[in-house]
Amino acid sequence: EACSAYVPLIDMEGLAYYREHVYYFWHDREKGHIELVRMELSGENKETVWSQSVGEYATGSWVISGVPHNVYYSGGAVWFVLSYCYIDERNSGRTTSDVCAVIDLDNGVYTAISETAADETVEYNTISGRDAVWTRRRNRIKMLSEDEFLKKWEAGEFSGQISDVSDPYGEYYIGWYERNKEPEYTYYCYNLDTGRSRELETRDACRILDDEGAVLAYCPDYIFLGRYQGKWLYELVDYERNDRVYLWDADTGEKTGLLELENGGIIGRTYGMIDYGIFDNSCFLYGLFQDEQSKITIYRYDLKTGDSKKLFEDVRNITFRIIGDTPEYFIGNVYDQQNTANVKTYMIRKEDYFAGNMDQTIRIRP
C-alpha cells in the first residue's frame, strides 16, 4: 500500500490503461460514493473524473448496489452497466435493475442511456468509437407475486396448468412462467455526441428446448459485431437453419445481406458481455464446420471487396480465441483442450494467425 500506484482490488472494477492514463471505478464506502479515478502509471496526479452518491436507503427509492461491471473504454469515453436495487417496505432490496451508462472522459459528464425499471434487463451489444448498440430485454407476461397468483389460482385461472397443489406458486415460478413469459429484445443504437438513442427493432427471443420440449434458455437472434462506414455489422442467428450476415443502415433502415453461413458463424472478439468482429477497419473472420463436426475452417471476409479467403482448419472449439488486436498482433486466450478452466493469454502476429501458425504464439499472461 506504500506504492503510489497501488490500487485496492476490493470494491474496484474497470482497471485499464487508456489514453496514457490509468482508470478505474472505486466504491468509496466511507463517503457512500461510486467514483471514476484517473491517474498516471506512476500513481501521480490522481484525480476523480466523476463521483456519484449511491443514494439514500429509503423506502421507495433506487440505490446503486455496487461498483459498475462490464466496463469498456472507447471513443474517449467509458461505457458501463450500473446495477441498482429498489428499497421496498420490507427493505429487502430484491428488486434489481441495470442501467447502461457512459462518461465522457474529456469533461466527466455522465449520461444514463437507459432508465431503472423492474422486470427488465439491459446490456451493451457492441461499442464502436462513440457509438453503441444496446438491448433492453423484457417479458410481455408480467410475473405475478405470490399473493396475486394465489388469488387467480383459487379463482380457477390456472386450471389444468398447475398440478402441484402442495406448492402451486413454486410450480408457477419455475415452470409455468418460464414457459410462458414471452421475452423480447428491443435493440437501440446510441451516439455519444448527439446523446440520443434510436430504437432499431424489437425481436422475440428464441426458445432453446430440450428433447422433451422443456425450455433450456431464451436467446437473442441478433449478434452485433461492430460498425463499418456508418452501418452496423450483425449476424442473424438461426438455430434451425443457416446464419446470415448483414450490414444495417440505422438512418434508412436498409439491411444489406453479405453472407449466408451454412453450419457456421462469425468469429468475434468478446470483451465481457459485448462482441466486436471487425479488425483492420474492414475485415472479419468466420468459420464453417466440416461434415464430421470436429473441425472448423476459418475464413477472412473483406467488407471493402466482398471477397472471402480460406485461411486454415482448426479444432471445433477454436484454439486461439481472439479478445483484442493491435495493428500487428491478435491477442487471445488459449484453452486447455482437456480442461477448459485452464486458460492462458497469448499474442500472435496477424500474418502467422492467417497462416494457421499457432506455434508462433507468444505467452503474455499465465
# chains A, B, ... in the order shown; residues from 1 in each chain; ligands from 1

$ residues_around --residues "Cys3 of chain A" --least-positions-apart "3" --cutoff "12 Å" --atoms "only C-alpha atoms" --output "PyMOL selection string"
chain A and resi 6-8+41-44

$ select_by_dssp --residues "segment 83-268 of chain A" --states "alpha helix (DSSP H)" --output "list in words"
Glu146, Asp147, Glu148, Phe149, Leu150, Lys151, Lys152, Trp153, Glu154, Pro168, Tyr169, Gly170, Glu171, Tyr177, Glu178, Arg179 and Asn180 of chain A

$ closest_atom_pairs --of "segment 73-157 of chain A" --to "segment 182-192 of chain A" --cutoff "12 Å" --atoms "only C-alpha atoms" --output "Markdown table"
| residue | atom | partner | partner_atom | distance |
| --- | --- | --- | --- | --- |
| A:Ser74 | CA | A:Leu192 | CA | 10.8 |
| A:Gly75 | CA | A:Leu192 | CA | 8.9 |
| A:Gly76 | CA | A:Leu192 | CA | 10.0 |
| A:Ala77 | CA | A:Leu192 | CA | 8.7 |
| A:Val78 | CA | A:Leu192 | CA | 10.8 |
| A:Trp79 | CA | A:Leu192 | CA | 10.3 |
| A:Cys100 | CA | A:Tyr190 | CA | 10.6 |
| A:Ala101 | CA | A:Leu192 | CA | 10.5 |
| A:Val102 | CA | A:Leu192 | CA | 8.1 |
| A:Ile103 | CA | A:Leu192 | CA | 9.2 |
| A:Asp104 | CA | A:Leu192 | CA | 8.2 |
| A:Leu105 | CA | A:Leu192 | CA | 11.7 |
| A:Val109 | CA | A:Leu192 | CA | 10.7 |
| A:Tyr110 | CA | A:Leu192 | CA | 10.6 |
| A:Thr111 | CA | A:Leu192 | CA | 8.8 |
| A:Ala112 | CA | A:Leu192 | CA | 11.0 |
| A:Ile113 | CA | A:Tyr190 | CA | 7.9 |
| A:Ser114 | CA | A:Tyr188 | CA | 10.1 |
| A:Asp119 | CA | A:Pro183 | CA | 10.7 |
| A:Glu120 | CA | A:Pro183 | CA | 9.9 |
| A:Thr121 | CA | A:Tyr185 | CA | 9.6 |
| A:Val122 | CA | A:Tyr185 | CA | 9.4 |
| A:Glu123 | CA | A:Tyr187 | CA | 10.0 |
| A:Tyr124 | CA | A:Tyr188 | CA | 9.5 |
| A:Asn125 | CA | A:Tyr187 | CA | 8.9 |
| A:Thr126 | CA | A:Cys189 | CA | 9.6 |
| A:Ile127 | CA | A:Tyr190 | CA | 9.4 |
| A:Ser128 | CA | A:Asn191 | CA | 9.8 |
| A:Gly129 | CA | A:Leu192 | CA | 9.2 |
| A:Arg130 | CA | A:Leu192 | CA | 5.4 |
| A:Asp131 | CA | A:Asn191 | CA | 4.6 |
| A:Ala132 | CA | A:Tyr190 | CA | 5.2 |
| A:Val133 | CA | A:Cys189 | CA | 4.4 |
| A:Trp134 | CA | A:Tyr188 | CA | 5.4 |
| A:Thr135 | CA | A:Tyr187 | CA | 4.6 |
| A:Arg136 | CA | A:Thr186 | CA | 5.2 |
| A:Arg137 | CA | A:Tyr185 | CA | 4.6 |
| A:Arg138 | CA | A:Pro183 | CA | 5.6 |
| A:Asn139 | CA | A:Pro183 | CA | 4.1 |
| A:Arg140 | CA | A:Glu182 | CA | 5.4 |
| A:Ile141 | CA | A:Glu182 | CA | 6.2 |
| A:Lys142 | CA | A:Glu182 | CA | 9.4 |
| A:Met143 | CA | A:Glu182 | CA | 10.9 |

$ residues_around --residues "Asn281 of chain A" --least-positions-apart "3" --cutoff "9 Å" --atoms "only C-alpha atoms" --output "list of chain:residue names"
A:Tyr228, A:Ile278, A:Leu303

$ residues_around --residues "Ile296 of chain A" --least-positions-apart "6" --cutoff "9 Å" --atoms "only C-alpha atoms" --output "short mmCIF file (atom, residue, chain, number, x, y, z; two decimals) with C-alpha atoms, in the first residue's frame"
data_model
loop_
_atom_site.label_atom_id
_atom_site.label_comp_id
_atom_site.auth_asym_id
_atom_site.auth_seq_id
_atom_site.Cartn_x
_atom_site.Cartn_y
_atom_site.Cartn_z
CA GLY A 264 -21.07 -21.84 -39.15
CA GLY A 287 -15.88 -20.34 -39.55
CA LEU A 288 -17.70 -23.20 -41.25
CA PHE A 289 -17.92 -26.57 -39.52
CA GLN A 290 -16.87 -29.59 -41.53
CA PHE A 312 -6.78 -22.64 -42.12
CA GLU A 313 -8.50 -25.52 -40.36
CA ASP A 314 -8.89 -25.62 -36.59
CA VAL A 315 -10.48 -27.69 -33.84
CA ARG A 316 -14.21 -27.14 -33.37
CA ASN A 317 -13.94 -25.10 -30.18
CA ILE A 318 -11.25 -22.76 -31.61
#

$ residues_around --residues "Thr361 of chain A" --least-positions-apart "5" --cutoff "8 Å" --atoms "only C-alpha atoms" --output "ChimeraX atom specification"
/A:346-349

$ select_by_dssp --residues "segment 6-224 of chain A" --states "strand (DSSP E)" --output "PyMOL selection string"
chain A and resi 12-18+21-28+33-39+47-53+61-64+69-74+77-87+95-104+110-112+120-128+131-139+183-191+196-204+206-209+215-219+222-224

$ atom_distance --atom1 "atom CA of Val54 of chain A" --atom2 "atom CA of Ser83 of chain A"
10.3 Å

$ residues_around --residues "Asn242 of chain A" --least-positions-apart "3" --cutoff "9 Å" --atoms "only C-alpha atoms" --output "ChimeraX atom specification"
/A:236-239,260-265

$ decode --residues "segment 215-269 of chain A" --atoms "C-alpha atoms" --output "PDB file, in the first residue's frame"
ATOM      1  CA  VAL A 215     -37.241 -24.562 -22.126  1.00  0.00           C
ATOM      2  CA  LEU A 216     -33.478 -24.654 -21.598  1.00  0.00           C
ATOM      3  CA  ALA A 217     -32.829 -20.996 -22.387  1.00  0.00           C
ATOM      4  CA  TYR A 218     -34.050 -17.888 -24.182  1.00  0.00           C
ATOM      5  CA  CYS A 219     -31.533 -16.298 -26.535  1.00  0.00           C
ATOM      6  CA  PRO A 220     -31.401 -13.272 -28.830  1.00  0.00           C
ATOM      7  CA  ASP A 221     -31.064 -13.929 -32.544  1.00  0.00           C
ATOM      8  CA  TYR A 222     -29.079 -10.767 -33.350  1.00  0.00           C
ATOM      9  CA  ILE A 223     -25.354 -10.552 -32.622  1.00  0.00           C
ATOM     10  CA  PHE A 224     -23.921  -7.097 -33.353  1.00  0.00           C
ATOM     11  CA  LEU A 225     -20.244  -7.087 -34.236  1.00  0.00           C
ATOM     12  CA  GLY A 226     -19.196  -3.519 -34.975  1.00  0.00           C
ATOM     13  CA  ARG A 227     -19.642  -0.581 -37.295  1.00  0.00           C
ATOM     14  CA  TYR A 228     -18.401  -0.182 -40.864  1.00  0.00           C
ATOM     15  CA  GLN A 229     -18.846   3.039 -42.870  1.00  0.00           C
ATOM     16  CA  GLY A 230     -21.697   4.124 -40.617  1.00  0.00           C
ATOM     17  CA  LYS A 231     -23.531   0.795 -40.811  1.00  0.00           C
ATOM     18  CA  TRP A 232     -23.848  -1.891 -38.144  1.00  0.00           C
ATOM     19  CA  LEU A 233     -22.461  -5.345 -38.881  1.00  0.00           C
ATOM     20  CA  TYR A 234     -24.617  -8.082 -37.368  1.00  0.00           C
ATOM     21  CA  GLU A 235     -25.280 -11.788 -37.580  1.00  0.00           C
ATOM     22  CA  LEU A 236     -28.804 -13.181 -37.656  1.00  0.00           C
ATOM     23  CA  VAL A 237     -28.542 -16.434 -35.721  1.00  0.00           C
ATOM     24  CA  ASP A 238     -30.945 -19.123 -36.875  1.00  0.00           C
ATOM     25  CA  TYR A 239     -30.945 -22.058 -34.505  1.00  0.00           C
ATOM     26  CA  GLU A 240     -32.591 -24.338 -37.085  1.00  0.00           C
ATOM     27  CA  ARG A 241     -31.167 -23.142 -40.417  1.00  0.00           C
ATOM     28  CA  ASN A 242     -28.146 -21.174 -41.670  1.00  0.00           C
ATOM     29  CA  ASP A 243     -26.942 -17.940 -40.052  1.00  0.00           C
ATOM     30  CA  ARG A 244     -26.840 -14.811 -42.195  1.00  0.00           C
ATOM     31  CA  VAL A 245     -24.625 -11.712 -42.015  1.00  0.00           C
ATOM     32  CA  TYR A 246     -25.855  -8.187 -42.769  1.00  0.00           C
ATOM     33  CA  LEU A 247     -24.900  -4.529 -42.730  1.00  0.00           C
ATOM     34  CA  TRP A 248     -27.672  -2.361 -41.236  1.00  0.00           C
ATOM     35  CA  ASP A 249     -28.027   1.326 -42.062  1.00  0.00           C
ATOM     36  CA  ALA A 250     -29.765   2.727 -38.974  1.00  0.00           C
ATOM     37  CA  ASP A 251     -30.571   6.002 -40.769  1.00  0.00           C
ATOM     38  CA  THR A 252     -32.549   4.389 -43.587  1.00  0.00           C
ATOM     39  CA  GLY A 253     -33.398   1.014 -42.040  1.00  0.00           C
ATOM     40  CA  GLU A 254     -31.876  -0.745 -45.055  1.00  0.00           C
ATOM     41  CA  LYS A 255     -30.267  -4.149 -44.420  1.00  0.00           C
ATOM     42  CA  THR A 256     -27.714  -5.430 -46.923  1.00  0.00           C
ATOM     43  CA  GLY A 257     -27.063  -9.174 -46.983  1.00  0.00           C
ATOM     44  CA  LEU A 258     -23.393 -10.199 -47.107  1.00  0.00           C
ATOM     45  CA  LEU A 259     -23.127 -13.923 -46.383  1.00  0.00           C
ATOM     46  CA  GLU A 260     -25.164 -16.998 -45.615  1.00  0.00           C
ATOM     47  CA  LEU A 261     -23.159 -19.263 -43.333  1.00  0.00           C
ATOM     48  CA  GLU A 262     -24.057 -22.907 -43.803  1.00  0.00           C
ATOM     49  CA  ASN A 263     -23.312 -24.601 -40.483  1.00  0.00           C
ATOM     50  CA  GLY A 264     -21.073 -21.842 -39.147  1.00  0.00           C
ATOM     51  CA  GLY A 265     -20.853 -18.329 -37.732  1.00  0.00           C
ATOM     52  CA  ILE A 266     -18.748 -15.201 -37.277  1.00  0.00           C
ATOM     53  CA  ILE A 267     -15.717 -15.463 -35.015  1.00  0.00           C
ATOM     54  CA  GLY A 268     -15.898 -12.280 -32.976  1.00  0.00           C
ATOM     55  CA  ARG A 269     -13.749 -10.792 -30.263  1.00  0.00           C
TER      56      ARG A 269
END
